[in-house]
$ cat structure-v2.txt   # compact mmCIF, C-alpha atoms
# COMPACT_ATOMS: atom_id res chain seq x y z
CA MET A 937 -37.67 -155.98 81.34
CA SER A 938 -34.42 -154.04 81.16
CA LYS A 939 -34.64 -154.20 77.42
CA ASP A 940 -38.09 -152.69 77.54
CA SER A 941 -37.10 -149.83 79.81
CA LYS A 942 -34.03 -149.22 77.70
CA MET A 943 -36.21 -148.90 74.65
CA ARG A 944 -38.47 -146.44 76.41
CA ALA A 945 -35.52 -144.36 77.53
CA THR A 946 -34.18 -144.19 73.99
CA ILE A 947 -37.55 -143.21 72.59
CA ASN A 948 -37.94 -140.50 75.19
CA GLN A 949 -34.47 -139.20 74.45
CA LYS A 950 -35.25 -139.15 70.78
CA LEU A 951 -38.52 -137.30 71.41
CA THR A 952 -36.71 -134.59 73.31
CA GLU A 953 -33.78 -134.39 70.94
CA MET A 954 -35.95 -133.98 67.88
CA GLY A 955 -37.98 -131.27 69.57
CA GLU A 956 -41.11 -133.30 69.05
CA ARG A 957 -41.82 -133.38 72.77
CA GLU A 958 -41.91 -129.60 72.90
CA ARG A 959 -44.15 -129.43 69.85
CA LEU A 960 -46.54 -131.99 71.33
CA LYS A 961 -46.63 -130.07 74.60
CA GLU A 962 -47.51 -126.89 72.82
CA LEU A 963 -50.21 -128.61 70.80
CA LEU A 964 -51.69 -130.18 73.91
CA ARG A 965 -51.65 -126.86 75.71
CA ALA A 966 -53.45 -125.14 72.88
CA LYS A 967 -56.03 -127.89 72.56
CA LEU A 968 -56.72 -128.02 76.27
CA THR A 969 -57.12 -124.28 76.53
CA GLU A 970 -59.44 -124.33 73.55
CA CYS A 971 -61.75 -126.97 74.95
CA GLY A 972 -62.06 -125.36 78.37
CA TRP A 973 -60.00 -127.92 80.26
CA ARG A 974 -57.98 -125.19 81.88
CA ASP A 975 -61.04 -123.33 83.07
CA GLN A 976 -62.55 -126.48 84.51
CA LEU A 977 -59.36 -127.27 86.37
CA LYS A 978 -59.03 -123.73 87.57
CA ALA A 979 -62.50 -123.91 89.03
CA HIS A 980 -61.46 -127.07 90.80
CA CYS A 981 -58.32 -125.33 92.01
CA LYS A 982 -60.48 -122.62 93.52
CA ASP A 983 -62.37 -125.18 95.55
CA VAL A 984 -59.16 -126.79 96.74
CA ILE A 985 -57.65 -123.45 97.69
CA LYS A 986 -60.74 -122.34 99.55
CA GLU A 987 -60.74 -125.61 101.39
CA LYS A 988 -57.09 -125.48 102.38
CA GLY A 989 -56.92 -121.78 103.00
CA LEU A 990 -55.21 -119.20 100.89
CA GLU A 991 -52.06 -119.08 103.00
CA HIS A 992 -51.50 -122.78 103.50
CA VAL A 993 -51.86 -124.08 99.99
CA THR A 994 -48.76 -125.67 98.47
CA VAL A 995 -47.83 -126.81 95.01
CA GLU A 996 -47.84 -130.41 96.26
CA ASP A 997 -51.41 -130.07 97.48
CA LEU A 998 -52.46 -128.74 94.16
CA VAL A 999 -50.67 -131.45 92.21
CA VAL A 1000 -52.20 -134.19 94.31
CA GLU A 1001 -55.68 -132.76 93.95
CA ILE A 1002 -55.52 -131.60 90.36
CA THR A 1003 -53.59 -134.23 88.42
CA PRO A 1004 -56.13 -137.11 88.69
CA LYS A 1005 -58.92 -134.78 87.73
CA GLY A 1006 -56.86 -133.32 84.92
CA ARG A 1007 -56.24 -136.74 83.46
CA VAL A 1008 -59.91 -137.60 83.45
CA LEU A 1009 -61.01 -134.30 82.01
CA VAL A 1010 -58.89 -134.46 78.86
CA PRO A 1011 -61.38 -134.89 76.02
CA ASP A 1012 -61.17 -138.03 73.92
CA SER A 1013 -60.72 -136.10 70.70
CA VAL A 1014 -57.63 -134.40 72.08
CA LYS A 1015 -56.30 -137.72 73.33
CA LYS A 1016 -56.85 -139.28 69.93
CA GLU A 1017 -55.10 -136.51 68.08
CA LEU A 1018 -52.08 -136.59 70.36
CA LEU A 1019 -51.86 -140.36 70.17
CA GLN A 1020 -51.93 -140.21 66.42
CA ARG A 1021 -49.07 -137.73 66.40
CA ILE A 1022 -47.09 -139.90 68.80
CA ARG A 1023 -47.75 -143.04 66.80
CA ALA A 1024 -46.67 -141.31 63.63
CA PHE A 1025 -43.47 -140.24 65.31
CA LEU A 1026 -42.81 -143.73 66.57
CA ALA A 1027 -43.52 -145.26 63.19
CA GLN A 1028 -41.20 -142.78 61.54
CA HIS A 1029 -38.29 -143.25 63.89
CA ALA A 1030 -38.60 -146.75 65.19
CA THR A 1031 -38.50 -148.66 61.96
CA MET B 716 -28.86 -146.72 65.21
CA LYS B 717 -29.11 -148.41 68.53
CA MET B 718 -32.70 -147.33 68.89
CA ASP B 719 -33.52 -148.73 65.52
CA GLU B 720 -32.07 -152.05 66.55
CA ILE B 721 -33.99 -152.17 69.78
CA SER B 722 -37.22 -151.00 68.26
CA MET B 723 -36.90 -153.34 65.37
CA SER B 724 -36.33 -156.23 67.67
CA SER B 725 -39.32 -155.39 69.77
CA LEU B 726 -41.60 -153.94 67.15
CA ASP B 727 -44.75 -155.12 68.73
CA ASN B 728 -47.89 -153.21 68.06
CA SER B 729 -49.29 -153.53 71.54
CA LYS B 730 -45.99 -152.52 73.08
CA LEU B 731 -45.70 -149.49 70.85
CA GLU B 732 -49.24 -148.56 71.76
CA GLY B 733 -48.30 -148.78 75.41
CA VAL B 734 -45.35 -146.48 74.84
CA ALA B 735 -47.56 -143.99 73.05
CA GLN B 736 -50.04 -144.06 75.94
CA ASP B 737 -47.25 -143.46 78.41
CA ILE B 738 -45.96 -140.52 76.44
CA LEU B 739 -49.44 -139.07 76.31
CA SER B 740 -49.97 -139.41 80.03
CA ASP B 741 -46.56 -137.84 80.59
CA LEU B 742 -47.59 -134.89 78.49
CA VAL B 743 -50.91 -134.52 80.27
CA GLU B 744 -49.16 -134.66 83.61
CA ASP B 745 -46.79 -131.99 82.44
CA ALA B 746 -49.72 -129.81 81.48
CA CYS B 747 -51.30 -130.39 84.89
CA LEU B 748 -48.08 -129.54 86.64
CA GLY B 749 -47.76 -126.37 84.60
CA LEU B 750 -51.26 -125.35 85.55
CA CYS B 751 -50.57 -126.11 89.20
CA PHE B 752 -47.48 -123.92 89.18
CA GLU B 753 -49.38 -121.17 87.48
CA VAL B 754 -52.28 -121.30 89.92
CA HIS B 755 -49.95 -121.51 92.90
CA ARG B 756 -48.04 -118.48 91.77
CA ALA B 757 -51.27 -116.61 91.13
CA VAL B 758 -52.47 -117.46 94.64
CA LYS B 759 -49.24 -116.39 96.28
CA GLN B 760 -49.08 -113.18 94.28
CA GLY B 761 -52.70 -112.52 95.13
CA TYR B 762 -54.20 -112.24 91.67
CA PHE B 763 -55.93 -115.59 91.46
CA PHE B 764 -59.25 -114.45 92.80
CA LEU B 765 -59.24 -111.15 91.00
CA GLU B 766 -61.57 -112.32 88.29
CA ASP B 767 -64.08 -113.53 90.83
CA THR B 768 -66.93 -111.05 90.89
CA ASP B 769 -70.52 -111.38 91.88
CA GLN B 770 -73.33 -111.22 89.36
CA GLU B 771 -74.43 -107.75 90.30
CA THR B 772 -71.11 -106.08 89.59
CA MET B 773 -70.93 -107.98 86.33
CA ARG B 774 -74.31 -106.58 85.40
CA ASP B 775 -73.10 -103.08 86.19
CA PHE B 776 -70.27 -103.40 83.71
CA GLU B 777 -72.13 -105.11 80.93
CA ILE B 778 -71.62 -103.77 77.44
CA VAL B 779 -74.55 -101.66 76.37
CA ASP B 780 -75.76 -102.38 72.86
CA GLN B 781 -78.35 -99.75 72.08
CA PRO B 782 -78.62 -97.19 69.30
CA GLY B 783 -77.44 -93.69 70.11
CA VAL B 784 -75.47 -94.80 73.12
CA ASP B 785 -71.87 -95.90 73.49
CA VAL B 786 -70.72 -99.16 75.11
CA PHE B 787 -70.83 -97.60 78.56
CA GLY B 788 -74.42 -96.51 78.09
CA GLN B 789 -73.52 -92.85 77.92
CA VAL B 790 -75.06 -90.53 75.38
CA TYR B 791 -72.50 -89.40 72.90
CA ASN B 792 -72.46 -85.62 72.92
CA GLN B 793 -70.53 -83.97 70.18
CA TRP B 794 -70.09 -80.67 71.97
CA LYS B 795 -69.31 -82.05 75.36
CA ASN B 796 -65.80 -82.54 76.68
CA LYS B 797 -64.31 -80.37 74.04
CA GLU B 798 -62.42 -78.21 76.46
CA CYS B 799 -58.91 -79.05 77.58
CA VAL B 800 -57.18 -77.70 80.64
CA CYS B 801 -53.77 -76.32 79.82
CA PRO B 802 -51.16 -78.00 82.02
CA ASN B 803 -49.04 -74.87 82.01
CA CYS B 804 -51.46 -72.07 82.83
CA SER B 805 -54.42 -74.29 83.88
CA ARG B 806 -56.89 -72.36 81.80
CA SER B 807 -59.52 -74.38 79.98
CA ILE B 808 -59.26 -73.97 76.25
CA ALA B 809 -61.43 -75.23 73.42
CA ALA B 810 -59.88 -78.36 71.97
CA SER B 811 -59.54 -76.86 68.53
CA ARG B 812 -57.53 -73.98 69.97
CA PHE B 813 -55.58 -76.09 72.39
CA ALA B 814 -52.61 -76.97 70.17
CA PRO B 815 -51.87 -73.37 69.15
CA HIS B 816 -52.31 -72.24 72.72
CA LEU B 817 -49.97 -74.90 74.05
CA GLU B 818 -47.41 -73.96 71.46
CA LYS B 819 -47.40 -70.40 72.70
CA CYS B 820 -47.85 -71.24 76.36
CA LEU B 821 -45.04 -73.76 76.62
CA GLY B 822 -42.72 -71.82 74.37
CA MET B 823 -42.32 -74.31 71.55
CA GLY B 824 -43.02 -74.13 67.87
CA ARG B 825 -42.31 -71.52 65.27
CA ASN B 826 -43.03 -68.16 66.82
CA SER B 827 -42.67 -69.03 70.42
CA SER B 828 -38.89 -69.11 70.48
CA ARG B 829 -39.15 -65.40 70.03
CA ILE B 830 -41.75 -65.19 72.74
CA ALA B 831 -39.56 -67.25 75.00
CA ASN B 832 -36.63 -64.94 74.26
CA ARG B 833 -38.75 -62.00 75.14
CA ARG B 834 -39.80 -63.62 78.36
CA ILE B 835 -36.21 -64.29 79.30
CA VAL B 836 -35.24 -60.74 78.46
CA THR B 837 -38.06 -59.26 80.51
CA GLY B 838 -37.26 -61.62 83.34
CA ASN B 839 -33.65 -60.52 83.26
CA ASN B 840 -34.70 -56.93 83.22
CA THR B 841 -36.58 -57.34 86.44
CA ASN B 842 -34.06 -59.60 88.11
CA ASN B 843 -30.67 -58.34 87.06
CA LYS B 844 -30.71 -55.41 84.78
CA SER B 845 -26.97 -55.19 84.34
CA GLU B 846 -26.74 -58.44 82.40
CA SER B 847 -29.36 -57.53 79.86
CA ASP B 848 -27.73 -54.15 79.49
CA GLN B 849 -24.50 -55.88 78.68
CA GLU B 850 -26.28 -57.87 76.04
CA ASP B 851 -27.56 -54.69 74.53
CA ASN B 852 -24.04 -53.36 74.50
CA ASP B 853 -22.90 -56.48 72.74
CA ASP B 854 -25.44 -55.84 70.05
CA VAL B 855 -24.11 -52.35 69.62
CA ASN B 856 -20.64 -53.79 69.33
CA ASP B 857 -21.87 -56.21 66.70
CA ASN B 858 -23.13 -53.33 64.66
CA ASP B 859 -19.66 -51.85 64.58
CA TRP B 860 -18.08 -54.57 62.47
CA SER B 861 -20.85 -56.57 60.83
CA TYR B 862 -21.86 -55.87 57.25
CA GLY B 863 -25.28 -54.30 56.85
CA ALA B 864 -25.26 -53.44 60.50
CA GLU B 865 -28.06 -50.97 60.45
CA LYS B 866 -30.49 -53.36 58.91
CA LYS B 867 -29.66 -55.99 61.46
CA ALA B 868 -29.97 -53.58 64.31
CA LYS B 869 -33.39 -52.59 63.15
CA LYS B 870 -34.41 -56.19 62.96
CA ARG B 871 -33.19 -56.87 66.46
CA LYS B 872 -35.05 -53.90 67.76
CA SER B 873 -38.28 -55.05 66.24
CA ASP B 874 -37.72 -58.46 67.75
CA LYS B 875 -37.35 -56.99 71.16
CA ASN B 876 -40.59 -55.14 70.83
CA PRO B 877 -42.81 -57.03 73.30
CA ASN B 878 -45.74 -57.00 70.94
CA SER B 879 -43.92 -58.38 67.94
CA PRO B 880 -44.83 -62.08 68.16
CA ARG B 881 -48.45 -61.27 68.48
CA ARG B 882 -48.43 -58.81 65.63
CA SER B 883 -49.73 -61.36 63.19
CA LYS B 884 -52.44 -62.36 65.61
CA SER B 885 -53.52 -58.79 66.18
CA PHE B 886 -53.72 -58.38 62.44
CA LYS B 887 -56.01 -61.33 62.32
CA HIS B 888 -58.14 -59.82 65.02
CA LYS B 889 -58.34 -56.59 63.10
CA SER B 890 -59.40 -58.34 59.97
CA GLY B 891 -61.90 -60.32 62.00
CA MET B 892 -63.29 -57.07 63.30
CA MET B 893 -63.37 -55.67 59.83
CA GLY B 894 -65.57 -58.47 58.61
CA PRO B 895 -68.59 -57.79 60.76
CA ARG B 896 -68.21 -54.08 60.32
CA ARG B 897 -68.34 -54.45 56.59
CA ARG B 898 -71.37 -56.58 56.95
CA MET B 899 -72.88 -53.85 59.10
CA ASP B 900 -72.22 -51.43 56.27
CA ASN B 901 -74.06 -53.70 53.94
CA GLN B 902 -76.89 -54.02 56.34
CA GLU B 903 -77.11 -50.31 56.69
CA SER B 904 -78.24 -49.79 53.16
CA PRO B 905 -81.46 -51.80 53.52
CA ARG B 906 -82.12 -50.01 56.70
CA MET B 907 -81.65 -46.73 54.91
CA LEU B 908 -84.08 -47.94 52.29
CA MET B 909 -86.53 -48.80 54.99
CA LYS B 910 -86.13 -45.27 56.32
CA ASP B 911 -86.63 -43.90 52.86
CA GLU B 912 -89.75 -45.92 52.48
CA ALA B 913 -90.88 -44.71 55.81
CA PHE B 914 -90.46 -41.09 54.86
CA PRO B 915 -93.28 -40.70 52.28
CA GLN B 916 -95.89 -42.00 54.64
$ encode --input "structure-v2.txt" --output "structure tokens"
Amino acid sequence: MSKDSKMRATINQKLTEMGERERLKELLRAKLTECGWRDQLKAHCKDVIKEKGLEHVTVEDLVVEITPKGRVLVPDSVKKELLQRIRAFLAQHAT
Amino acid sequence: MKMDEISMSSLDNSKLEGVAQDILSDLVEDACLGLCFEVHRAVKQGYFFLEDTDQETMRDFEIVDQPGVDVFGQVYNQWKNKECVCPNCSRSIAASRFAPHLEKCLGMGRNSSRIANRRIVTGNNTNNKSESDQEDNDDVNDNDWSYGAEKKAKKRKSDKNPNSPRRSKSFKHKSGMMGPRRRMDNQESPRMLMKDEAFPQ
């Protein structure tokens, strides 16, 4: 178990160090904007904000409401592409 | 090196797949968090609902795509809106004449430095005559020692003539007046002929 978590930590460190994490983030951002994920989530945000009231809404509220929906709404094609990039990175640096 | 060791030891396809999935979900969560921050800021700054408009207003601002009409649905008129209001003297001037007018009015450009000088001189004359007089005296003094003094003095005098900057313009006007008159002369001869024709009858 500790070995496993250690491995994960090293991989994460490597991802950040190499700048791959930042690149992946940027790619994901672009893809999600392109496919309308942002707009969908924004619409959902509007509902949440109207429900809670403009003054009382907090970042925590938004995160709680938005994150599950955001996860579901990511299109499979985007997921696949990202996973491929991640796998390639892992294969390149873990062997 | 250490990572290589660890990964090599646990190079299990399913495990690696799990790691990849975790990284992906991390990234997605990051994106969500970023969006949340963005929306929250927009709400607190008050610009989140700015793009919310009802259908009717949207229809009012739709882009018009018809021949002979611009995107706002207005008829393009070539001769409309061709007058500019001068910010200095607040007269409205035809756009084609606006640049020359502004040059003269604001006191910039080639000739206008002279005009501006004249303005200052006339202003001084009305306000404090003694100073301008002194300036004139200075000019006289200049003539005493400078080479070709007389010529210079003449030049200065002509500069101080209030009409001097406009001289060229007045010439233009004269020539402009000449044009029609000449044409009149030309027109007169047919008329004369007409009279001549009229005479025998």
$ closest_residue --input "structure-v2.txt" --among "A:Arg959, A:Gly972, A:Lys978, A:Val984" --to "chain B" --atoms "only C-alpha atoms"
A:Lys978
$ interface_residues --input "structure-v2.txt" --of "chain B" --to "chain A" --cutoff "8 Å" --atoms "all atoms listed in the file" --output "ChimeraX atom specification"
/B:718-719,721-723,731-732,734-736,738-740,742-744,746-748,750-752,754-755,758-759
$ atom_distance --input "structure-v2.txt" --atom1 "CA of Ile778 (chain B)" --atom2 "CA of Glu970 (chain A)"
24.2 Å
$ atom_distance --input "structure-v2.txt" --atom1 "CA of Leu1009 (chain A)" --atom2 "CA of Lys988 (chain A)"
22.5 Å
$ closest_residue --input "structure-v2.txt" --among "A:Ser941, A:Glu953, A:Trp973, A:Leu963" --to "Val1008 (chain A)" --atoms "only C-alpha atoms"
A:Trp973
$ closest_residue --input "structure-v2.txt" --among "B:Gly749, B:Asn803, B:Arg756, B:Phe787" --to "Arg774 (chain B)" --atoms "all atoms listed in the file"
B:Phe787
$ atom_distance --input "structure-v2.txt" --atom1 "CA of Phe813 (chain B)" --atom2 "CA of Lys797 (chain B)"
9.9 Å
$ axis_aligned_box --input "structure-v2.txt" --around "region 991-995 of chain A" --padding-each-side "8 Å" --output "lines of an AutoDock Vina configuration file"
center_x = -49.9
center_y = -122.9
center_z = 99.3
size_x = 20.2
size_y = 23.7
size_z = 24.5
$ build_atoms --input "structure-v2.txt" --residues "region 1001-1013 of chain A" --atoms "N, CA and C atoms" --output "PDB file, in the frame of the given file"
ATOM      1  N   GLU A1001     -54.238-132.923  94.167  1.00  0.00           N
ATOM      2  CA  GLU A1001     -55.680-132.760  93.950  1.00  0.00           C
ATOM      3  C   GLU A1001     -56.030-132.636  92.464  1.00  0.00           C
ATOM      4  N   ILE A1002     -55.149-131.996  91.725  1.00  0.00           N
ATOM      5  CA  ILE A1002     -55.520-131.600  90.360  1.00  0.00           C
ATOM      6  C   ILE A1002     -55.195-132.684  89.334  1.00  0.00           C
ATOM      7  N   THR A1003     -54.045-133.338  89.499  1.00  0.00           N
ATOM      8  CA  THR A1003     -53.590-134.230  88.420  1.00  0.00           C
ATOM      9  C   THR A1003     -54.586-135.341  88.071  1.00  0.00           C
ATOM     10  N   PRO A1004     -55.160-136.062  89.074  1.00  0.00           N
ATOM     11  CA  PRO A1004     -56.130-137.110  88.690  1.00  0.00           C
ATOM     12  C   PRO A1004     -57.306-136.536  87.920  1.00  0.00           C
ATOM     13  N   LYS A1005     -57.789-135.414  88.393  1.00  0.00           N
ATOM     14  CA  LYS A1005     -58.920-134.780  87.730  1.00  0.00           C
ATOM     15  C   LYS A1005     -58.537-134.331  86.322  1.00  0.00           C
ATOM     16  N   GLY A1006     -57.341-133.785  86.217  1.00  0.00           N
ATOM     17  CA  GLY A1006     -56.860-133.320  84.920  1.00  0.00           C
ATOM     18  C   GLY A1006     -56.804-134.444  83.909  1.00  0.00           C
ATOM     19  N   ARG A1007     -56.330-135.589  84.364  1.00  0.00           N
ATOM     20  CA  ARG A1007     -56.240-136.740  83.460  1.00  0.00           C
ATOM     21  C   ARG A1007     -57.608-137.133  82.929  1.00  0.00           C
ATOM     22  N   VAL A1008     -58.565-137.154  83.843  1.00  0.00           N
ATOM     23  CA  VAL A1008     -59.910-137.600  83.450  1.00  0.00           C
ATOM     24  C   VAL A1008     -60.563-136.610  82.497  1.00  0.00           C
ATOM     25  N   LEU A1009     -60.280-135.342  82.739  1.00  0.00           N
ATOM     26  CA  LEU A1009     -61.010-134.300  82.010  1.00  0.00           C
ATOM     27  C   LEU A1009     -60.523-134.073  80.587  1.00  0.00           C
ATOM     28  N   VAL A1010     -59.382-134.664  80.230  1.00  0.00           N
ATOM     29  CA  VAL A1010     -58.890-134.460  78.860  1.00  0.00           C
ATOM     30  C   VAL A1010     -59.875-135.102  77.890  1.00  0.00           C
ATOM     31  N   PRO A1011     -60.383-134.337  76.949  1.00  0.00           N
ATOM     32  CA  PRO A1011     -61.380-134.890  76.020  1.00  0.00           C
ATOM     33  C   PRO A1011     -60.781-135.980  75.123  1.00  0.00           C
ATOM     34  N   ASP A1012     -61.646-136.900  74.723  1.00  0.00           N
ATOM     35  CA  ASP A1012     -61.170-138.030  73.920  1.00  0.00           C
ATOM     36  C   ASP A1012     -60.598-137.581  72.584  1.00  0.00           C
ATOM     37  N   SER A1013     -61.194-136.555  72.015  1.00  0.00           N
ATOM     38  CA  SER A1013     -60.720-136.100  70.700  1.00  0.00           C
ATOM     39  C   SER A1013     -59.275-135.614  70.799  1.00  0.00           C
TER      40      SER A1013
END
